[in-house]
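File shown: work.tsv. Contents: TSV, C-alpha atoms and all ligand atoms.
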chain	number	residue	atom	x	y	z
L	1	MET	CA	0.00	0.00	0.00
L	2	ASP	CA	1.40	3.42	-0.87
L	3	VAL	CA	1.24	6.33	1.56
L	4	PHE	CA	-1.45	8.22	-0.32
L	5	THR	CA	-3.72	5.17	-0.40
L	6	ALA	CA	-3.41	4.87	3.37
L	7	ILE	CA	-4.09	8.58	3.82
L	8	GLY	CA	-7.06	8.46	1.48
L	9	GLN	CA	-8.69	5.30	2.79
L	10	ARG	CA	-8.06	5.42	6.55
L	11	SER	CA	-10.94	6.45	8.76
L	12	SER	CA	-11.50	6.48	12.51
L	13	VAL	CA	-12.65	3.13	13.88
L	14	ARG	CA	-15.06	3.14	16.80
L	15	ALA	CA	-15.93	-0.58	16.98
L	16	TYR	CA	-13.35	-3.34	17.43
L	17	LYS	CA	-13.17	-7.13	17.30
L	18	ALA	CA	-11.76	-8.87	20.36
L	19	THR	CA	-9.16	-10.55	18.11
L	20	ASP	CA	-5.61	-10.05	19.41
L	21	VAL	CA	-3.17	-7.94	17.46
L	22	GLU	CA	-0.09	-9.86	16.36
L	23	GLU	CA	3.06	-8.85	18.21
L	24	ASP	CA	5.02	-8.16	14.99
L	25	LYS	CA	2.29	-5.76	13.85
L	26	LEU	CA	2.37	-3.92	17.17
L	27	LYS	CA	6.17	-3.68	16.93
L	28	LYS	CA	5.90	-2.19	13.44
L	29	ILE	CA	3.39	0.42	14.62
L	30	LEU	CA	5.70	1.40	17.48
L	31	GLU	CA	8.63	1.55	15.05
L	32	ALA	CA	6.65	4.06	13.00
L	33	ALA	CA	6.53	6.27	16.10
L	34	ARG	CA	10.19	5.73	16.93
L	35	LEU	CA	11.28	6.70	13.42
L	36	SER	CA	9.16	9.87	13.26
L	37	PRO	CA	10.79	13.29	13.11
L	38	SER	CA	10.86	15.59	16.12
L	39	ALA	CA	12.04	19.13	16.81
L	40	SER	CA	15.88	19.09	17.04
L	41	ASN	CA	15.52	15.29	16.97
L	42	ARG	CA	14.90	15.38	20.72
L	43	GLN	CA	12.52	12.40	20.73
L	44	GLU	CA	11.06	13.47	24.07
L	45	TRP	CA	8.23	10.97	24.02
L	46	LYS	CA	6.97	7.78	25.54
L	47	PHE	CA	4.34	5.44	24.17
L	48	ILE	CA	2.54	3.34	26.76
L	49	VAL	CA	1.07	0.11	25.39
L	50	ILE	CA	-1.87	-1.15	27.40
L	51	LYS	CA	-3.26	-4.66	26.97
L	52	ASN	CA	-4.75	-5.20	30.42
L	53	LYS	CA	-8.54	-5.21	30.10
L	54	GLU	CA	-9.24	-3.52	33.43
L	55	THR	CA	-6.79	-0.72	32.62
L	56	ARG	CA	-8.37	-0.29	29.18
L	57	LYS	CA	-11.77	0.06	30.83
L	58	LYS	CA	-10.41	2.70	33.22
L	59	LEU	CA	-8.91	4.60	30.28
L	60	ALA	CA	-12.24	4.51	28.44
L	61	LYS	CA	-13.88	5.96	31.56
L	62	ALA	CA	-11.24	8.71	31.72
L	63	ALA	CA	-12.08	9.44	28.09
L	64	PHE	CA	-15.60	10.45	29.06
L	65	GLY	CA	-16.96	6.92	28.68
L	66	GLN	CA	-15.93	6.34	25.06
L	67	SER	CA	-16.37	2.62	25.60
L	68	PHE	CA	-15.01	1.50	22.21
L	69	ILE	CA	-11.53	2.37	23.52
L	70	ALA	CA	-11.71	-0.62	25.89
L	71	GLU	CA	-13.07	-2.90	23.14
L	72	ALA	CA	-9.76	-2.82	21.28
L	73	PRO	CA	-7.17	-5.34	22.52
L	74	ILE	CA	-4.51	-2.62	22.62
L	75	VAL	CA	-4.58	1.00	23.67
L	76	ILE	CA	-1.59	3.26	23.07
L	77	VAL	CA	-1.19	6.35	25.21
L	78	ALA	CA	1.24	8.85	23.69
L	79	CYS	CA	3.09	11.16	26.07
L	80	GLY	CA	5.44	14.11	25.76
L	81	THR	CA	8.24	13.70	28.29
L	82	GLU	CA	9.47	17.30	28.12
L	83	SER	CA	6.79	19.93	27.91
L	84	LYS	CA	8.77	23.15	28.46
L	85	SER	CA	10.55	23.47	25.09
L	86	MET	CA	9.00	26.05	22.85
L	87	MET	CA	9.94	26.27	19.21
L	88	ALA	CA	11.00	29.67	17.83
L	89	CYS	CA	7.59	29.86	16.16
L	90	GLY	CA	5.95	29.90	19.59
L	91	GLN	CA	4.47	26.42	19.48
L	92	PRO	CA	5.33	23.87	22.17
L	93	ALA	CA	7.51	21.17	20.59
L	94	TYR	CA	5.99	18.23	22.42
L	95	THR	CA	2.46	18.52	21.10
L	96	VAL	CA	3.74	18.73	17.55
L	97	ASP	CA	6.32	15.93	17.97
L	98	VAL	CA	3.97	13.49	19.64
L	99	SER	CA	1.18	14.26	17.18
L	100	ILE	CA	3.42	13.50	14.20
L	101	ALA	CA	4.42	10.18	15.81
L	102	CYS	CA	0.75	9.34	16.39
L	103	ALA	CA	-0.12	10.18	12.80
L	104	PHE	CA	2.66	7.88	11.57
L	105	MET	CA	1.43	5.08	13.88
L	106	ILE	CA	-2.13	5.48	12.68
L	107	LEU	CA	-1.13	5.23	9.03
L	108	GLN	CA	1.14	2.25	9.71
L	109	ALA	CA	-1.68	0.52	11.59
L	110	TYR	CA	-4.00	1.07	8.64
L	111	GLU	CA	-1.53	-0.51	6.25
L	112	LEU	CA	-1.48	-3.58	8.51
L	113	GLY	CA	-5.27	-3.88	8.38
L	114	LEU	CA	-5.75	-2.41	11.84
L	115	GLY	CA	-8.07	0.33	12.99
L	116	THR	CA	-7.32	3.26	15.26
L	117	CYS	CA	-9.10	6.36	16.50
L	118	TRP	CA	-7.29	9.44	17.70
L	119	ILE	CA	-8.68	10.28	21.12
L	120	GLY	CA	-8.19	13.83	22.28
L	121	SER	CA	-11.17	13.93	24.56
L	122	PHE	CA	-9.91	12.53	27.86
L	123	LYS	CA	-9.23	13.74	31.37
L	124	GLU	CA	-5.47	14.02	31.50
L	125	ASP	CA	-5.20	13.92	35.31
L	126	GLU	CA	-7.25	10.74	35.54
L	127	THR	CA	-5.32	9.13	32.67
L	128	LYS	CA	-2.00	9.94	34.32
L	129	LYS	CA	-3.15	8.50	37.63
L	130	ILE	CA	-4.26	5.23	36.00
L	131	LEU	CA	-0.91	4.77	34.27
L	132	ASN	CA	1.42	6.19	36.92
L	133	VAL	CA	2.60	8.94	34.57
L	134	PRO	CA	4.99	11.40	36.31
L	135	GLU	CA	3.75	14.91	37.05
L	136	GLN	CA	5.92	16.71	34.43
L	137	VAL	CA	4.97	14.32	31.60
L	138	ARG	CA	1.97	15.29	29.44
L	139	VAL	CA	-0.47	12.92	27.78
L	140	VAL	CA	-1.06	14.14	24.24
L	141	ALA	CA	-3.21	11.47	22.65
L	142	ILE	CA	-4.69	8.03	23.07
L	143	THR	CA	-5.56	5.53	20.40
L	144	PRO	CA	-7.14	2.11	20.51
L	145	VAL	CA	-5.56	-0.39	18.10
L	146	GLY	CA	-7.43	-3.42	16.85
L	147	TYR	CA	-9.25	-5.10	14.02
L	148	PRO	CA	-12.22	-3.00	12.88
L	149	ASN	CA	-15.69	-4.33	13.55
L	150	GLU	CA	-17.45	-1.76	11.37
L	151	PRO	CA	-17.24	-0.67	7.73
L	152	PRO	CA	-15.05	2.36	6.96
L	153	SER	CA	-16.88	5.63	7.52
L	154	GLU	CA	-17.41	8.13	4.75
L	155	LYS	CA	-14.95	11.00	4.55
L	156	PHE	CA	-16.22	14.57	4.77
L	157	ARG	CA	-13.56	17.09	3.92
L	158	LYS	CA	-13.47	20.70	2.78
L	159	SER	CA	-12.62	21.19	-0.88
L	160	PRO	CA	-9.06	22.16	-1.90
L	161	ASN	CA	-10.07	25.73	-2.75
L	162	GLN	CA	-11.47	26.20	0.76
L	163	ILE	CA	-8.21	25.32	2.45
L	164	VAL	CA	-5.42	26.23	0.02
L	165	CYS	CA	-4.38	29.66	-1.18
L	166	TYR	CA	-1.34	30.79	-3.10
L	167	GLU	CA	1.24	33.53	-2.58
L	168	LYS	CA	-0.65	35.19	0.30
L	169	TYR	CA	-3.36	34.45	2.82
L	170	GLU	CA	-6.80	34.76	1.33
I	1	LIG	C1	-6.88	15.90	17.72
I	1	LIG	C2	-8.01	14.91	17.49
I	1	LIG	C3	-8.83	14.57	18.56
I	1	LIG	C4	-9.86	13.63	18.37
I	1	LIG	N1	-10.59	13.20	19.45
I	1	LIG	C5	-11.53	12.23	19.27
I	1	LIG	C6	-12.20	11.67	20.38
I	1	LIG	O1	-11.97	11.99	21.53
I	1	LIG	N2	-13.14	10.72	20.13
I	1	LIG	C7	-13.44	10.28	18.86
I	1	LIG	O2	-14.30	9.39	18.71
I	1	LIG	N3	-12.80	10.79	17.78
I	1	LIG	C8	-11.85	11.73	17.96
I	1	LIG	N4	-11.14	12.21	16.89
I	1	LIG	C9	-11.41	11.66	15.54
I	1	LIG	C10	-12.07	12.71	14.63
I	1	LIG	O3	-13.40	12.89	15.01
I	1	LIG	C11	-11.94	12.22	13.18
I	1	LIG	O4	-10.59	12.08	12.85
I	1	LIG	C12	-12.59	13.19	12.21
I	1	LIG	O5	-13.99	13.25	12.42
I	1	LIG	C13	-12.35	12.78	10.75
I	1	LIG	O6	-12.82	11.48	10.52
I	1	LIG	P1	-11.86	10.28	10.07
I	1	LIG	O7	-10.80	10.12	11.11
I	1	LIG	O8	-12.77	9.08	10.02
I	1	LIG	O9	-11.28	10.63	8.74
I	1	LIG	C14	-10.11	13.11	17.07
I	1	LIG	C15	-9.26	13.48	16.01
I	1	LIG	C16	-8.23	14.34	16.23
I	1	LIG	C17	-7.29	14.64	15.07
Go through the file and emit its structure as structure tokens.
Amino acid sequence: MDVFTAIGQRSSVRAYKATDVEEDKLKKILEAARLSPSASNRQEWKFIVIKNKETRKKLAKAAFGQSFIAEAPIVIVACGTESKSMMACGQPAYTVDVSIACAFMILQAYELGLGTCWIGSFKEDETKKILNVPEQVRVVAITPVGYPNEPPSEKFRKSPNQIVCYEKYE
């Protein structure tokens, strides 16, 4: 599968089969994160892989009861381990770095036939408590990983001329 096919066909999955994810597939997804770019190549991130069912249920609760998170056999919680660094452009590096790594993981998972769903709606404090995440570390995103138990959803996107302009902002 080429990159554009994965980008074009992937959609968020909110229903999962109980089928386990093969260990080599999980490793490849995590490699996609490890190989991602980061500001000054600092790689200030940690990806927590959760398989324990009770922990998955607690995470789903911390994500405002989005129960499909616990349905998936694996949940990955993506953290920024250094949250103070600001880039010269004024953006914090960790949110950008960890988000790129998550995007790479999500595309890699899709190529392997696995579904994911970026979860940004969660209580960070509760999530950190569940996983013993140190105070200074920030949780950026969560994604379930598993075999989809629903057909791909339709994509709704703005048209190119709504989001692209040339030479100056219009
Ligand atoms: C930063 C971010 C946060 C999101 N948070 C959630 C979430 O908490 N729960 C959820 O079901 N989907 C969440 N999504 C998924 C979006 O709703 C989804 O990507 C969007 O509707 C486009 O659909 P698609 O992923 O199927 O292409 C999030 C996506 C992003 C990028």
Can I get the residues of chain L within 9 Å of ligand LIG 1 (chain I), each with the closest pair of atoms and their distance in Å to one decimal, using all atoms listed in the file, sorted chain first then ascending number, as a tab-separated table?
residue	atom	partner	partner_atom	distance
L:Ile7	CA	I:LIG1	O9	9.0
L:Gly8	CA	I:LIG1	O9	8.7
L:Gln9	CA	I:LIG1	O9	8.4
L:Arg10	CA	I:LIG1	O9	6.5
L:Ser11	CA	I:LIG1	O8	3.4
L:Ser12	CA	I:LIG1	O8	3.8
L:Val13	CA	I:LIG1	O8	7.1
L:Arg14	CA	I:LIG1	O2	6.6
L:Ala63	CA	I:LIG1	O1	7.0
L:Phe64	CA	I:LIG1	O1	8.5
L:Gln66	CA	I:LIG1	N2	7.2
L:Phe68	CA	I:LIG1	O2	8.7
L:Ile69	CA	I:LIG1	O2	8.9
L:Ser99	CA	I:LIG1	C1	8.2
L:Ala103	CA	I:LIG1	C17	8.7
L:Thr116	CA	I:LIG1	O7	8.7
L:Cys117	CA	I:LIG1	C9	5.9
L:Trp118	CA	I:LIG1	C14	4.7
L:Ile119	CA	I:LIG1	O1	3.7
L:Gly120	CA	I:LIG1	N1	3.8
L:Ser121	CA	I:LIG1	O1	3.7
L:Phe122	CA	I:LIG1	O1	6.7
L:Val140	CA	I:LIG1	C1	8.9
L:Ala141	CA	I:LIG1	C1	7.6
L:Ile142	CA	I:LIG1	O1	8.4
L:Pro152	CA	I:LIG1	O8	7.7
L:Ser153	CA	I:LIG1	O8	5.9
L:Glu154	CA	I:LIG1	O8	7.1
L:Lys155	CA	I:LIG1	O9	5.6
L:Phe156	CA	I:LIG1	C13	7.3
L:Arg157	CA	I:LIG1	C13	8.2
Using all atoms listed in the file: which of L:Ala101, L:Ile76, L:Leu114, L:Thr55 has the shortest distance to Glu150 (chain L): L:Leu114
The residues within 12 Å of (-17.3, -8.7, 15.3), using all atoms listed in the file and the coordinates of the file, should be reported as a PDB file with C-alpha atoms, in the coordinates of the input; which are they?
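Resulting contents of selection-v6.pdb:
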ATOM      1  CA  ALA L  15     -15.930  -0.580  16.980  1.00  0.00           C
ATOM      2  CA  TYR L  16     -13.350  -3.340  17.430  1.00  0.00           C
ATOM      3  CA  LYS L  17     -13.170  -7.130  17.300  1.00  0.00           C
ATOM      4  CA  ALA L  18     -11.760  -8.870  20.360  1.00  0.00           C
ATOM      5  CA  THR L  19      -9.160 -10.550  18.110  1.00  0.00           C
ATOM      6  CA  GLU L  71     -13.070  -2.900  23.140  1.00  0.00           C
ATOM      7  CA  ALA L  72      -9.760  -2.820  21.280  1.00  0.00           C
ATOM      8  CA  GLY L 146      -7.430  -3.420  16.850  1.00  0.00           C
ATOM      9  CA  TYR L 147      -9.250  -5.100  14.020  1.00  0.00           C
ATOM     10  CA  PRO L 148     -12.220  -3.000  12.880  1.00  0.00           C
ATOM     11  CA  ASN L 149     -15.690  -4.330  13.550  1.00  0.00           C
ATOM     12  CA  GLU L 150     -17.450  -1.760  11.370  1.00  0.00           C
ATOM     13  CA  PRO L 151     -17.240  -0.670   7.730  1.00  0.00           C
TER      14      PRO L 151
END
Straight-line distance linking CA of Asn132 (chain L) with CA of Leu30 (chain L), stated in Å to one decimal: 20.5 Å
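Minimum distance to Thr81 (chain L) across L:Lys51, L:Arg56, L:Arg42, L:Arg138 (counting all atoms listed in the file) occurs at L:Arg138.
The shortest atom-to-atom distance to Val98 (chain L), with only C-alpha atoms taken into account, belongs to L:Arg34 out of L:Lys53, L:Lys128, L:Arg34, L:Lys25.
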Residues within 9 Å of (0.4, 3.2, 7.8), file coords, all atoms listed in the file, listed as a PyMOL selection string: chain L and resi 1-3+6-7+10+29+32+103-112
Pick from L:Gly80, L:Lys57, L:Val75, L:Ala39, whichever lies nearest to Pro134 (chain L) using all atoms listed in the file: L:Gly80
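Among the candidates L:Ser67, L:Asn52, L:Ser36, L:Thr95, the one nearest to Leu131 (chain L) when counting all atoms listed in the file is L:Asn52.
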Point-to-point distance in Å for CA of Glu135 (chain L) and CA of Ile100 (chain L):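 Going from CA of Ile100 (chain L) over to CA of Glu135 (chain L) covers 22.9 Å.
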Top pick for closest residue to Pro92 (chain L), considering L:Val49, L:Val133, L:Ser38, L:Lys123 and counting only C-alpha atoms: L:Ser38
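Interatomic distance, CA of Glu124 (chain L) to CA of Met87 (chain L): 23.2 Å.
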